[in-house]
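**Q** Structure incoming, see below.
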Amino acid sequence: MSDIGGVLIHQRRRVVEIVDVFARYGFTQLASVFGAATGDEPSRIPFHRAGLRIAGLADPELVAMTTGERLRAALAELGTTWVKLGQMLSLRADLVGADIAEALKGLQSTVPADAPGLASATVETELGHPVAVVFASFSDEPLASGSVAQVHAATLHDGTEVVVKVLHHDADRKVKGDIELMKVLSRSVESLDPGLARYNPVAIVDEFSDLMSGAVDFTDELASLQQIGANLAVEPDIVVPHAYPELSTSRVLTMTRIYGGPVDTREHLEASGWTVERFVQRTSDVFLAMIFRDGMFHADPHPGNFLIPDAGHLAILDFGDVGYLTPSRRLDFQALLLAISERDASDFTHALMAVTRASVEVDEDVVQGDVEEWMQRWLGGGVSEQDLGPALENLLILIRADHLTFPSDLLMPLRVLLRLQGLGLQLGSTVPLDDMLRPYLTQMLADRYKPAALLKQARRTLRSWERLLGPLPDELAGLAVRLRREGAQVDVKVHDPDEVIDKLIDGLLASASIVGASQLLSRRTPPTVQDFSVPGVAVGVLAAYTWRRLQVRRDSHKPLRNRVVGFISRRF
């Protein structure tokens, strides 16, 4: 029995439940594909409930819903894992389209708390001692309950107030089972239905699997909390909860409790001694520092994740959603932001083609034309009072239409910036996003052309050339030895009266050389002169010279009669 078959048989009841839900909400094609994956005929699966028929969508309320609204309702009914999937897809208009992404934003991640006693039982099992031994007090009534965990107030024996984040009972097992099932179903969808396959269901589920694995394992959140806390220690006004590793496991996370005022309205901010402009500027500075300085950043800056302890401090909470940027990816992100800031469609297109790893079939001129239209429409009037969320959604749609896929690791920091800007607009801020970014953009340009940075780039380039040319002497020596032993004569006889092979070889050599030169030039591979890649120009010249030399050599080997005929045909 295949692995897929085993999973489907083991979780057959859940599969039928999923098919039933999708069918009731009118997704007959999706339900039929899932039914085919289980080996059932559609007629054998319960495709109706509560008076709704698949063929006609008889329920008038469902008939009135859009596709996105029906999908949102179906995912909400399927539970935590599917709600989280919908929330992720709400950020990927490039994958599901703008209408569906907008509808999925309405999914709520709050779920009812566990039955009394279950959370304390989990704490005791995980920490290996009764709750009364570990804590001086532990409230069995949660402060809040989210999609995968709930939070309880507690006190340590030294009097320190803490909060204890406890995974919902059996949540990790349920999520693991649903993820396993999602992977199987996504592979079935991709193989059985070409129309649905173009949405890359396997890639979506793989990305989602990584997200959920961290969500139900507090070990990752503990490490993120400690690392970001250490990184922000240089910011004396920023407060991050202190973690207690000895009182934390994969299902329990203990940290200091922070009190403070909310930041959801201007009135609440001002009551805590802050102005909206100061709050927006400070949060922007801190998050940009995390992105560009540290490469590890809090990825969910919504109002509920901030508190104002007093007029001089800002607290950041909840480190379950964290993003990472390697040094090279930071450079990619900087290139995109600089191009947007300068409204340079050409630079933005070059950066976009590089980060999306566009195939040779993608026409860069077409992409640049689309980018120019996008910038003119969405960025032409400035961004001081404009919500850039729709601009990003439109950009993702453009990218999707041009058969490109924006990488998730770069989409995350872009989302963070837009959420910060959206939070400012919600609070009535007048600080433009350009003003938030300008100090960092200016510093980026300065850092890029510092002698130390140029020297580092030159060293990197030299190492690349060293890797290319280093083995060359040994290879040439080996070739010389083989030539002395075996001779250099090569005798090739090809009967090709129409010169098809010659033309094919010329075309292949020329194409390979031109593609190589184009890659070097488009990526502006250093060193550069007036923004032109020196290696790219050199390869281009070498390609043209080689191609011309091959043509001349082949012309010299043609029979005299063919050369005369060719000369006459070119002249007359």
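Ordering of the structure tokens sets the chain letters (A, B, ...), residue numbers begin anew at 1 in every chain, and ligands are numbered from 1 in the order given.
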Residues within 12 Å of Ser90 in chain A, please, as a list of chain:residue names. Count only C-alpha atoms; anything in the same chain fewer than 2 positions from it doesn't count.

**A**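 So, after excluding close chain neighbours, the residues are A:Gly68, A:Glu69, A:Leu71, A:Arg72, A:Val83, A:Lys84, A:Leu85, A:Gly86, A:Gln87, A:Met88, A:Arg92, A:Ala93, A:Asp94, A:Leu95, A:Val96, A:Gly97, A:Ala98, A:Asp99, A:Ile100, A:Ala101, A:Glu102, A:Ala103, A:Leu104, A:Lys105, A:Gly106, A:Leu107, A:Gln108, A:Glu393, A:Arg415.
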
**Q** Using only C-alpha atoms, which residue out of A:Leu118, A:Val280, A:Leu156, A:Val21 lies closest to Val134 in chain A?

**A**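 Residue with the minimum atom-to-atom distance to Val134 in chain A: A:Leu156.
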
**Q** Identify, with DSSP run on backbone atoms, the residues in range 167-357 of chain A assigned to strand (DSSP E), and express the list as a PyMOL selection string.

**A** chain A and resi 167+238-239+252-256+296-298+306-310+313-316+322-324

**Q** Which of these, A:Leu167, A:Val151, A:Leu427, A:Ala311, has the shortest distance to Glu267 in chain A once you count only C-alpha atoms?

**A**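 Nearest candidate to Glu267 in chain A out of A:Leu167, A:Val151, A:Leu427, A:Ala311: A:Leu427.
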
**Q** Which is closer to Glu372 in chain A than all the others in A:Ser346, A:Val355, A:Thr67, A:Leu392, using only C-alpha atoms?

**A** A:Ser346

**Q** Might you pull out every residue within 10 Å of Ala153 in chain A, with only C-alpha atoms counted and same-chain residues fewer than 4 positions away left off, and present them as a PyMOL selection string?

**A** chain A and resi 137-144+161-165+254+256-257

**Q** Which residue out of A:His169, A:Arg266, A:Arg13, A:His152 has the minimum interatomic distance to Leu425 in chain A when only C-alpha atoms are used?

**A**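 Closest to Leu425 in chain A of all the choices is A:Arg266.
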
**Q** Pick the closest to Ser209 in chain A from A:Thr122, A:Thr442, A:Ser328, A:Thr81: which is it, counting only C-alpha atoms?

**A**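 Smallest separation from Ser209 in chain A among the options: A:Thr81.
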
**Q** Report as a list in words all protein, DNA and RNA residues lying within 10 Å of Gly428 in chain A, evaluated on only C-alpha atoms, omitting residues in the same chain fewer than 6 positions from it.

**A** Thr265, Arg266, Val276, Glu277, Glu385 and Gly422 of chain A

**Q** Would you output that residue set with N, CA, C and O atoms, as a CSV table (one decimal), in the first residue's frame?

**A**
```
chain,number,residue,atom,x,y,z
A,265,THR,N,-6.2,53.0,19.9
A,265,THR,CA,-6.8,54.3,19.5
A,265,THR,C,-5.9,55.4,19.9
A,265,THR,O,-5.0,55.3,20.8
A,266,ARG,N,-6.1,56.6,19.3
A,266,ARG,CA,-5.3,57.8,19.6
A,266,ARG,C,-5.5,58.1,21.1
A,266,ARG,O,-4.5,58.5,21.8
A,276,VAL,N,0.6,60.0,18.7
A,276,VAL,CA,0.6,59.0,17.6
A,276,VAL,C,1.8,59.1,16.8
A,276,VAL,O,2.4,58.0,16.4
A,277,GLU,N,2.3,60.3,16.4
A,277,GLU,CA,3.5,60.4,15.6
A,277,GLU,C,4.7,59.8,16.2
A,277,GLU,O,5.5,59.1,15.6
A,385,GLU,N,-0.6,59.7,2.7
A,385,GLU,CA,-1.9,59.4,3.3
A,385,GLU,C,-2.6,58.2,2.6
A,385,GLU,O,-3.8,58.1,2.7
A,422,GLY,N,-0.2,50.8,7.9
A,422,GLY,CA,-1.7,50.7,8.1
A,422,GLY,C,-2.0,51.0,9.5
A,422,GLY,O,-3.1,51.6,9.8
```

**Q** DSSP on the backbone, then: every residue of range 211-272 of chain A marked helix (DSSP H, G or I), written as a PyMOL selection string.

**A** chain A and resi 211-215+218-234+245-247+266-271
